[in-house]
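Asks: Provided herewith is a single structure, encoded as structure tokens, for subsequent inquiry.
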Amino acid sequence: MFKHILALAAGLTLSFSVVAADVLKVSAIPDEAPTELLRKFKPLGAYLEQELGMKVEFVPVADYAAVVEALAADRIDMAWLGGFTFVQARLKTGNAVPLVQREQDAEFTSKFITADPAVKSLQDLKGKTFAFGSVSSTSGSLMPRYFMLQDGIKPEDFFSRVAYSGAHDATAAWVQAGKADAGVLNASVWQKLVDAKKVDTDKVKVFATTPTYYDYNWTVRGNLDPALQEKIKTAFLALDPAKPEQKAILDLQAASRFIETKPENYAGIEEAARAAGLLK
């Protein structure tokens, strides 16, 4: 699969014969299909090239952990991270810097879905099968699990089987195909699937929504030139939905606009990860 991702990247990303120092290397957690990640990034990459005056290259990765490792090893300069992957990156590097988040990431939610008309609440799923996204996903695993535990539901004891689809769109596909009785995915991807008619809402329904929490952000490695960090932040904050070309970029990112963020916003996610035993 990784070779397949690299092949897609070769065809869809920008390729340049310039020295590495002249390229901003960008990646993202693979929370959707590789083709979708690349489609979303292409116009944003072109915009950043124009605003920064340097080449921008998308670097696909095999899984969530690989993004954290790449940031820590300085193999990439910036990454689109979920809240939990940011916490992991911050703990591993000691200096990863969250620059911006989408406006809605300050009050993000996850949606519990099912194709079983008899299911009206989580309690109706006792003894049934359940699908999370990636084990490292904030909105597809960590925070839903955290809220379940707060409600006295330990997934491995409560459900007959717990599985991990690997991505939000895959979770929706599993539930629709009957591979799991229910599942959870982030609200943004759910809405995108509904709008694109990639999920049959006559069959699959949302039956519960989590409380809000902070989630995704664009993070840079801590040793990236501070002046460049500031230019990147300014470019994101300048994206204006009133300008058609920039609105198209924002729409692909499922963003109304970008706002500044800070490490302290993710303290609650770190607490949830420790409570779930996912951080030592």
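Each chain in the structure tokens gets a letter, A, B and so on, in the order shown; residues start at 1 in every chain, and ligands are counted from 1 in the order they appear.
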Please return, as an MDAnalysis selection string, all residues of region 12-211 of chain A that DSSP assigns to helix (DSSP H, G or I) on the basis of the backbone.
Replies: chainID A and resid 12 20:22 34:52 64:72 83:93 103:107 122:125 138:150 155:158 168:177 187:195
Asks: Would you pick out the contacts of Lys198 (chain A) at 10 Å or less, using only C-alpha atoms, so that residues sharing its chain but fewer than 4 positions from it are not included, and give the list as a PyMOL selection string?
Replies: chain A and resi 169+172-173+190+192-194
Asks: Quick one: DSSP strand (DSSP E) residues in region 8-227 of chain A, as a PyMOL selection string?
Replies: chain A and resi 23-28+55-58+78-81+97-102+110-114+129-132+161-164+182-186+205-209+217-220
Asks: Could you list, as a PyMOL selection string, every residue within 10 Å of Glu32 (chain A), counting only C-alpha atoms and ignoring same-chain residues fewer than 2 positions away?
Replies: chain A and resi 28-30+34-38+133+166-170+189
Asks: Selection from above, N, CA and C atoms, as a tab-separated table (two decimals), in the first residue's frame, can you write it?
Replies:
```
chain	number	residue	atom	x	y	z
A	28	ALA	N	0.72	14.72	6.33
A	28	ALA	CA	-0.57	14.71	7.02
A	28	ALA	C	-0.84	13.31	7.55
A	29	ILE	N	-1.54	13.22	8.68
A	29	ILE	CA	-1.96	11.91	9.16
A	29	ILE	C	-2.89	11.31	8.11
A	30	PRO	N	-2.75	10.02	7.81
A	30	PRO	CA	-3.57	9.38	6.77
A	30	PRO	C	-4.95	8.98	7.29
A	34	PRO	N	-5.57	7.82	0.51
A	34	PRO	CA	-4.43	8.57	-0.02
A	34	PRO	C	-4.81	9.52	-1.16
A	35	THR	N	-5.68	9.08	-2.05
A	35	THR	CA	-6.09	9.94	-3.16
A	35	THR	C	-6.80	11.20	-2.66
A	36	GLU	N	-7.60	11.06	-1.60
A	36	GLU	CA	-8.32	12.20	-1.05
A	36	GLU	C	-7.37	13.18	-0.37
A	37	LEU	N	-6.38	12.67	0.37
A	37	LEU	CA	-5.40	13.54	1.01
A	37	LEU	C	-4.66	14.38	-0.02
A	38	LEU	N	-4.28	13.75	-1.12
A	38	LEU	CA	-3.54	14.47	-2.15
A	38	LEU	C	-4.44	15.48	-2.86
A	133	GLY	N	-11.63	4.23	14.12
A	133	GLY	CA	-10.80	4.51	12.95
A	133	GLY	C	-9.41	3.96	13.18
A	166	GLY	N	-8.92	2.04	10.34
A	166	GLY	CA	-7.74	2.75	9.86
A	166	GLY	C	-8.01	4.16	9.41
A	167	ALA	N	-9.26	4.48	9.03
A	167	ALA	CA	-9.58	5.83	8.54
A	167	ALA	C	-11.07	6.10	8.69
A	168	HIS	N	-11.44	7.38	8.75
A	168	HIS	CA	-12.83	7.76	8.98
A	168	HIS	C	-13.75	7.28	7.85
A	169	ASP	N	-13.33	7.49	6.60
A	169	ASP	CA	-14.20	7.07	5.50
A	169	ASP	C	-14.35	5.55	5.46
A	170	ALA	N	-13.30	4.84	5.88
A	170	ALA	CA	-13.38	3.38	5.94
A	170	ALA	C	-14.38	2.93	7.01
A	189	VAL	N	-15.58	14.65	8.44
A	189	VAL	CA	-15.57	13.65	7.37
A	189	VAL	C	-16.98	13.10	7.15
```
Asks: Using only C-alpha atoms, which protein or nucleic acid residues come within 10 Å of region 246-262 of chain A? Drop anything in the same chain fewer than 2 positions from it, and give the result as a PyMOL selection string.
Replies: chain A and resi 36-37+39-47+97-106+188-189+191-192+214+217-219+233-244+264-266
Asks: For the residues in the current selection, export C-alpha atoms as a PDB file, in the first residue's frame.
Replies:
```
ATOM      1  CA  GLU A  36      -8.322  12.204  -1.049  1.00  0.00           C
ATOM      2  CA  LEU A  37      -5.398  13.537   1.015  1.00  0.00           C
ATOM      3  CA  ARG A  39      -6.620  16.051  -3.749  1.00  0.00           C
ATOM      4  CA  LYS A  40      -7.141  18.207  -0.661  1.00  0.00           C
ATOM      5  CA  PHE A  41      -3.515  19.283  -0.500  1.00  0.00           C
ATOM      6  CA  LYS A  42      -2.769  20.204  -4.121  1.00  0.00           C
ATOM      7  CA  PRO A  43      -4.382  23.708  -4.234  1.00  0.00           C
ATOM      8  CA  LEU A  44      -3.240  24.485  -0.684  1.00  0.00           C
ATOM      9  CA  GLY A  45       0.315  23.568  -1.668  1.00  0.00           C
ATOM     10  CA  ALA A  46       0.145  25.868  -4.694  1.00  0.00           C
ATOM     11  CA  TYR A  47      -1.164  28.712  -2.501  1.00  0.00           C
ATOM     12  CA  VAL A  97       4.826  24.135  17.362  1.00  0.00           C
ATOM     13  CA  PRO A  98       1.077  24.160  16.573  1.00  0.00           C
ATOM     14  CA  LEU A  99       0.521  27.177  14.311  1.00  0.00           C
ATOM     15  CA  VAL A 100      -3.119  27.223  13.255  1.00  0.00           C
ATOM     16  CA  GLN A 101      -6.318  25.221  13.456  1.00  0.00           C
ATOM     17  CA  ARG A 102      -9.609  25.457  11.645  1.00  0.00           C
ATOM     18  CA  GLU A 103     -12.179  27.563  13.452  1.00  0.00           C
ATOM     19  CA  GLN A 104     -14.310  24.455  14.044  1.00  0.00           C
ATOM     20  CA  ASP A 105     -11.383  22.525  15.571  1.00  0.00           C
ATOM     21  CA  ALA A 106     -11.883  24.489  18.779  1.00  0.00           C
ATOM     22  CA  SER A 188     -16.182  16.806   9.425  1.00  0.00           C
ATOM     23  CA  VAL A 189     -15.570  13.646   7.369  1.00  0.00           C
ATOM     24  CA  GLN A 191     -20.565  15.645   6.691  1.00  0.00           C
ATOM     25  CA  LYS A 192     -18.288  15.474   3.658  1.00  0.00           C
ATOM     26  CA  TYR A 214      -9.944  20.496  20.399  1.00  0.00           C
ATOM     27  CA  ASN A 217      -3.952  21.618  13.648  1.00  0.00           C
ATOM     28  CA  TRP A 218      -1.055  22.451  11.358  1.00  0.00           C
ATOM     29  CA  THR A 219       2.168  21.865  13.291  1.00  0.00           C
ATOM     30  CA  LYS A 233       0.990  31.177   9.950  1.00  0.00           C
ATOM     31  CA  THR A 234       0.266  34.481   8.205  1.00  0.00           C
ATOM     32  CA  ALA A 235      -0.527  32.652   4.951  1.00  0.00           C
ATOM     33  CA  PHE A 236      -3.083  30.398   6.643  1.00  0.00           C
ATOM     34  CA  LEU A 237      -4.697  33.255   8.570  1.00  0.00           C
ATOM     35  CA  ALA A 238      -4.964  35.284   5.349  1.00  0.00           C
ATOM     36  CA  LEU A 239      -7.132  32.683   3.571  1.00  0.00           C
ATOM     37  CA  ASP A 240     -10.347  34.573   2.861  1.00  0.00           C
ATOM     38  CA  PRO A 241     -13.660  32.794   2.135  1.00  0.00           C
ATOM     39  CA  ALA A 242     -14.828  35.934   0.308  1.00  0.00           C
ATOM     40  CA  LYS A 243     -12.279  35.223  -2.457  1.00  0.00           C
ATOM     41  CA  PRO A 244     -13.483  32.334  -4.677  1.00  0.00           C
ATOM     42  CA  GLU A 264      -2.252  24.518  25.946  1.00  0.00           C
ATOM     43  CA  ASN A 265      -5.375  23.852  23.857  1.00  0.00           C
ATOM     44  CA  TYR A 266      -4.424  20.169  23.744  1.00  0.00           C
TER      45      TYR A 266
END
```
Asks: Sorted by chain and rising residue number, which residues of region 105-174 of chain A lie within 8 Å of region 54-68 of chain A, and what are their closest atom pairs and distances in Å to one decimal, counting only C-alpha atoms, as CSV?
Replies:
```
residue,atom,partner,partner_atom,distance
A:Ser134,CA,A:Tyr64,CA,8.0
A:Ser136,CA,A:Tyr64,CA,6.4
A:Ser137,CA,A:Tyr64,CA,7.9
```
Asks: Selection from above, C-alpha atoms, as a compact mmCIF listing (two decimals), in the first residue's frame, can you write it?
Replies:
```
# COMPACT_ATOMS: atom_id res chain seq x y z
CA SER A 134 -7.06 4.45 13.59
CA SER A 136 -3.96 6.93 17.02
CA SER A 137 -6.92 8.99 15.80
```
Asks: Looking at only C-alpha atoms, which of A:Met78, A:Leu91, A:Val184, A:Leu224 is the one that sits closest to Thr138 (chain A)?
Replies: A:Val184
Asks: Write out as a list in words the residues lying within 8 Å of Lys231 (chain A), counting only C-alpha atoms and excluding same-chain residues fewer than 4 positions away.
Replies: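 So the residues in contact are Glu51, Leu52, Ala227 and Ala235 of chain A.
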Asks: Residues as selected, N, CA and C atoms, written as a PDB file, in the first residue's frame, can you do that?
Replies:
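Output contents, as saved in out05.pdb:
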```
ATOM      1  N   GLU A  51       2.651  32.213  -1.553  1.00  0.00           N
ATOM      2  CA  GLU A  51       2.776  33.098  -0.389  1.00  0.00           C
ATOM      3  C   GLU A  51       4.166  33.041   0.238  1.00  0.00           C
ATOM      4  N   LEU A  52       4.808  31.886   0.206  1.00  0.00           N
ATOM      5  CA  LEU A  52       6.101  31.713   0.873  1.00  0.00           C
ATOM      6  C   LEU A  52       7.279  31.960  -0.057  1.00  0.00           C
ATOM      7  N   ALA A 227      11.196  32.867  11.309  1.00  0.00           N
ATOM      8  CA  ALA A 227      10.627  33.789  10.321  1.00  0.00           C
ATOM      9  C   ALA A 227       9.731  33.029   9.340  1.00  0.00           C
ATOM     10  N   ALA A 235       0.111  33.123   6.184  1.00  0.00           N
ATOM     11  CA  ALA A 235      -0.527  32.652   4.951  1.00  0.00           C
ATOM     12  C   ALA A 235      -1.845  31.938   5.259  1.00  0.00           C
TER      13      ALA A 235
END
```
Asks: Hey, which of A:Asp202, A:Asp77, A:Asp31, A:Asp157 ends up closest to Leu185 (chain A)? Count only C-alpha atoms.
Replies: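 Using only C-alpha atoms, the shortest distance to Leu185 (chain A) belongs to A:Asp31.
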Asks: Do you have the CA of Ala177 (chain A)-CA of Leu142 (chain A) distance handy?
Replies: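 These atoms are spaced 23.9 Å apart.
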